[in-house]
Amino acid sequence: MRKSLFALLLVGVLFLGVVASGCLGGGGTSKSSSSSPSSTKSSSQSSSSTTQSSSSPSSSATSTTSGTQTSSTSSTSSTTSHSTTSTTQSSSSSSPSTTSTTSTTTTSTSGQKVTIVLWHAMGQAEAQTFQDLISEFEIEHPNIQIKMVYKANLETALKAAIPAGKGPDLFIWAHDWIGKFAEGGLLKPIDKYVPSDFSDNFIPLAQDAFEYKGHYYAVPFAAETVALIYNKDMVKNPPKNFDEMKQIMQQYYDPNNGKYGIASPVNAYFLSGWVQAFGGYYFDDKTEKPGLNLTQTLEGFKFFFNNIWPYMAHTTDYNAQVSIFTDGNAPMMINGPWIISDVKKAGINFGVEPLPPIILNGKTYYPRPYGGVKLIYVTANAPDSKMQAIWTFLKWFSTSDDVATTLALQNGYVPVLKSVYNNTDITSDPILKGFMDAVQRAYLMPKSVKMAAVWGPVGQAITNIVGGKQTIEQALQDAQQQILKAISG
């Protein structure tokens, strides 16, 4: 009897051992080469599961432009469900496409929070909108934290910190820094994360703004340029062409009583629209050569000084020109979206339209003022271990309809994301619509580091023309030679 019981017990022990062995052996490492990411927010990851894969541009392939959707490429919000006891590996695809579903890739252990530091120089109210949007991102991507840090003198702070191996992973500024920061080794290329058709998400002005000499260093999210701001109580219908605009200027010009036909700052930036209307330019980004000696540039300068300057207060002071309009002493002003808060405070009933086309000898010319594009840059200090998380954030911020709409409605930003250009929440705002139309014809401010040599000579040329010290031809010839000497030395 004892032997029989012992035998049965031994068989039971052996049976349990086999079962246990099978369970442990079957739960080793499971490989998934084609996990299917979706654009939903569902994520089931445990702090005890480890995700491993190689980083690839294809990780950004599933593009979503809706603000209610999240990128399927996030290292922290994959829709792939992982077991709490197993290690999952995911292989990445090598063909970036905005419509294909590819395997999810990550660069960090699930459960580990990645902190991305972003420096900026925005005012408190402006920055709060960013912080609110970032909070939404962090809810959708709980393993990524974005830390915003204000720097009053951003350029100085960045140039001191980055070479020392310190400072942020990201920073916000206009695109005109991209050349000098890239040349200075302060930026990190993000080419392998940017799909070949990524720029197609944006309006033409923004498509080239975040690329420099064949490399991507940032992503765009807003634009700005100047437009015609008019007083609706003085101008019932905005001018459809320059001839109508000139008639309005002539009607209101009465300098003896402090009244003028138009107000506009007078410097290289604000004159650029007229200078570049006929095909001329200060500086060509592709050839990296100045164009002040071109007949088209001369024609643009002459057009401004013969047709606009005579109806203005003859001062180059920025604030004085703005006050002329906000005090009701001019029916129109040329300025940008940054001045709108001052116009509203002044109680002006106003509208915004692009600078009107010029019709000469049966041909139509469109003023092309300089346009700037706001970017989020990636610094040279951003570690590779963070790059997948950084790209997840950058892609979300730059291609989300919700982000673009929120920034437009709350901060007055002119969006660059194509998908919101038919959004009635935005286009029903006449101020936003006016500037959105204006950026369509804007001339992208040059990115070349050599552009720094242009502003001074052009500014001096304008001063000399206004002061009667030189003719327009003489002033432009001198400026051309000064710029050539500066960029060749």
# chains A, B, ... in the order shown; residues from 1 in each chain; ligands from 1
>>> select_by_dssp(residues="range 150-276 of chain A", states="strand (DSSP E)", output="list of chain:residue names")
A:Tyr150, A:Leu170, A:Phe171, A:Ile172, A:Trp173, A:Ala174, A:Glu211, A:Tyr212, A:His215, A:Tyr216, A:Ala218, A:Val219, A:Pro220, A:Phe221, A:Ala222, A:Ala223, A:Glu224, A:Ala227, A:Leu228, A:Ile229, A:Tyr230, A:Asn231
>>> residues_around(residues="Thr156 in chain A", least_positions_apart="6", cutoff="12 Å", atoms="only C-alpha atoms", output="list in words")
Ala121, Ile162, Pro163, Gly167 and Phe181 of chain A
>>> write_last_selection(atoms="N, CA, C and O atoms", output="PDB file, in the first residue's frame")
ATOM      1  N   ALA A 121      11.637  82.014 -25.685  1.00  0.00           N
ATOM      2  CA  ALA A 121      11.699  83.402 -25.223  1.00  0.00           C
ATOM      3  C   ALA A 121      10.329  84.058 -25.316  1.00  0.00           C
ATOM      4  O   ALA A 121      10.224  85.276 -25.488  1.00  0.00           O
ATOM      5  N   ILE A 162      25.231  75.285 -25.490  1.00  0.00           N
ATOM      6  CA  ILE A 162      25.376  74.123 -26.376  1.00  0.00           C
ATOM      7  C   ILE A 162      26.835  73.713 -26.588  1.00  0.00           C
ATOM      8  O   ILE A 162      27.162  72.520 -26.473  1.00  0.00           O
ATOM      9  N   PRO A 163      27.749  74.634 -26.874  1.00  0.00           N
ATOM     10  CA  PRO A 163      29.154  74.207 -27.029  1.00  0.00           C
ATOM     11  C   PRO A 163      29.744  73.584 -25.768  1.00  0.00           C
ATOM     12  O   PRO A 163      30.699  72.803 -25.844  1.00  0.00           O
ATOM     13  N   GLY A 167      22.524  72.894 -21.843  1.00  0.00           N
ATOM     14  CA  GLY A 167      21.414  73.506 -22.545  1.00  0.00           C
ATOM     15  C   GLY A 167      20.320  72.528 -22.912  1.00  0.00           C
ATOM     16  O   GLY A 167      20.287  71.384 -22.429  1.00  0.00           O
ATOM     17  N   PHE A 181      23.161  78.754 -37.008  1.00  0.00           N
ATOM     18  CA  PHE A 181      23.242  77.733 -35.970  1.00  0.00           C
ATOM     19  C   PHE A 181      23.743  76.400 -36.533  1.00  0.00           C
ATOM     20  O   PHE A 181      24.485  75.681 -35.857  1.00  0.00           O
TER      21      PHE A 181
END
>>> residues_around(residues="Tyr260 in chain A", least_positions_apart="6", cutoff="8 Å", atoms="only C-alpha atoms", output="NGL selection string")
:A and (249 or 252-254 or 311-313 or 324 or 329-331)
>>> write_last_selection(atoms="C-alpha atoms", output="short mmCIF file (atom, residue, chain, number, x, y, z; two decimals), in the first residue's frame")
data_model
loop_
_atom_site.label_atom_id
_atom_site.label_comp_id
_atom_site.auth_asym_id
_atom_site.auth_seq_id
_atom_site.Cartn_x
_atom_site.Cartn_y
_atom_site.Cartn_z
CA MET A 249 -3.67 107.54 -49.75
CA TYR A 252 -6.46 111.22 -46.69
CA TYR A 253 -3.03 112.84 -47.09
CA ASP A 254 -3.10 116.15 -45.23
CA TYR A 311 1.96 110.01 -48.74
CA MET A 312 3.69 109.07 -45.49
CA ALA A 313 5.00 110.97 -42.50
CA ILE A 324 -0.07 107.45 -36.70
CA ASN A 329 -4.35 109.67 -38.40
CA ALA A 330 -3.96 107.30 -41.34
CA PRO A 331 -6.47 104.96 -43.00
#
>>> residues_around(residues="Asp317 in chain A", least_positions_apart="3", cutoff="8 Å", atoms="only C-alpha atoms", output="MDAnalysis selection string")
chainID A and resid 265:266 320:321
>>> residues_around(residues="Tyr366 in chain A", least_positions_apart="5", cutoff="9 Å", atoms="only C-alpha atoms", output="list in words")
Gly273, Trp274, Gln276, Ala277, Phe278, Leu355, Pro356, Pro357, Ile358, Ile359 and Arg441 of chain A
>>> write_last_selection(atoms="N, CA and C atoms", output="compact mmCIF listing (two decimals), in the first residue's frame")
# COMPACT_ATOMS: atom_id res chain seq x y z
N GLY A 273 8.62 93.92 -49.54
CA GLY A 273 7.49 93.55 -50.38
C GLY A 273 7.49 94.28 -51.71
N TRP A 274 7.82 95.58 -51.66
CA TRP A 274 7.84 96.39 -52.89
C TRP A 274 9.10 96.13 -53.68
N GLN A 276 10.76 93.40 -53.89
CA GLN A 276 10.73 92.07 -54.51
C GLN A 276 9.50 91.84 -55.39
N ALA A 277 8.71 92.90 -55.60
CA ALA A 277 7.48 92.76 -56.38
C ALA A 277 7.77 92.53 -57.87
N PHE A 278 8.89 93.07 -58.35
CA PHE A 278 9.16 93.02 -59.79
C PHE A 278 10.23 92.01 -60.15
N LEU A 355 -1.02 92.79 -49.27
CA LEU A 355 -0.66 93.98 -50.03
C LEU A 355 -1.22 93.82 -51.44
N PRO A 356 -1.92 94.83 -51.95
CA PRO A 356 -2.62 94.66 -53.23
C PRO A 356 -1.68 94.56 -54.43
N PRO A 357 -2.11 93.87 -55.47
CA PRO A 357 -1.28 93.72 -56.66
C PRO A 357 -1.09 95.04 -57.40
N ILE A 358 0.02 95.13 -58.10
CA ILE A 358 0.37 96.31 -58.88
C ILE A 358 0.14 95.99 -60.35
N ILE A 359 -0.62 96.83 -61.02
CA ILE A 359 -0.88 96.61 -62.44
C ILE A 359 -0.17 97.70 -63.24
N ARG A 441 1.97 84.67 -50.64
CA ARG A 441 2.84 85.34 -51.60
C ARG A 441 4.11 85.88 -50.95
>>> residues_around(residues="Ala223 in chain A", least_positions_apart="5", cutoff="8 Å", atoms="only C-alpha atoms", output="list in words")
Ala206, Gly371, Gly372, Val373, Lys374, Tyr413, Val414, Pro415, Val416 and Val439 of chain A
>>> write_last_selection(atoms="N, CA and C atoms", output="compact mmCIF listing (two decimals), in the first residue's frame")
# COMPACT_ATOMS: atom_id res chain seq x y z
N ALA A 206 6.63 77.41 -45.92
CA ALA A 206 7.25 76.64 -44.83
C ALA A 206 8.04 75.43 -45.30
N GLY A 371 8.84 86.72 -45.46
CA GLY A 371 8.05 85.90 -44.56
C GLY A 371 8.97 85.10 -43.64
N GLY A 372 8.55 84.95 -42.41
CA GLY A 372 9.30 84.15 -41.45
C GLY A 372 8.48 82.94 -41.03
N VAL A 373 9.15 81.88 -40.66
CA VAL A 373 8.49 80.65 -40.23
C VAL A 373 9.01 80.27 -38.85
N LYS A 374 8.09 80.06 -37.92
CA LYS A 374 8.47 79.66 -36.57
C LYS A 374 8.80 78.16 -36.56
N TYR A 413 -1.45 82.95 -34.19
CA TYR A 413 -0.43 82.46 -35.10
C TYR A 413 -1.03 82.14 -36.47
N VAL A 414 -0.31 82.46 -37.51
CA VAL A 414 -0.72 82.11 -38.87
C VAL A 414 -0.25 80.67 -39.12
N PRO A 415 -1.17 79.74 -39.33
CA PRO A 415 -0.76 78.34 -39.48
C PRO A 415 -0.03 78.07 -40.79
N VAL A 416 0.79 77.04 -40.78
CA VAL A 416 1.48 76.59 -42.00
C VAL A 416 1.02 75.20 -42.42
N VAL A 439 0.61 85.32 -46.43
CA VAL A 439 1.81 84.46 -46.44
C VAL A 439 1.90 83.62 -47.70
>>> select_by_dssp(residues="range 261-448 of chain A", states="alpha helix (DSSP H)", output="count of residues only")
74
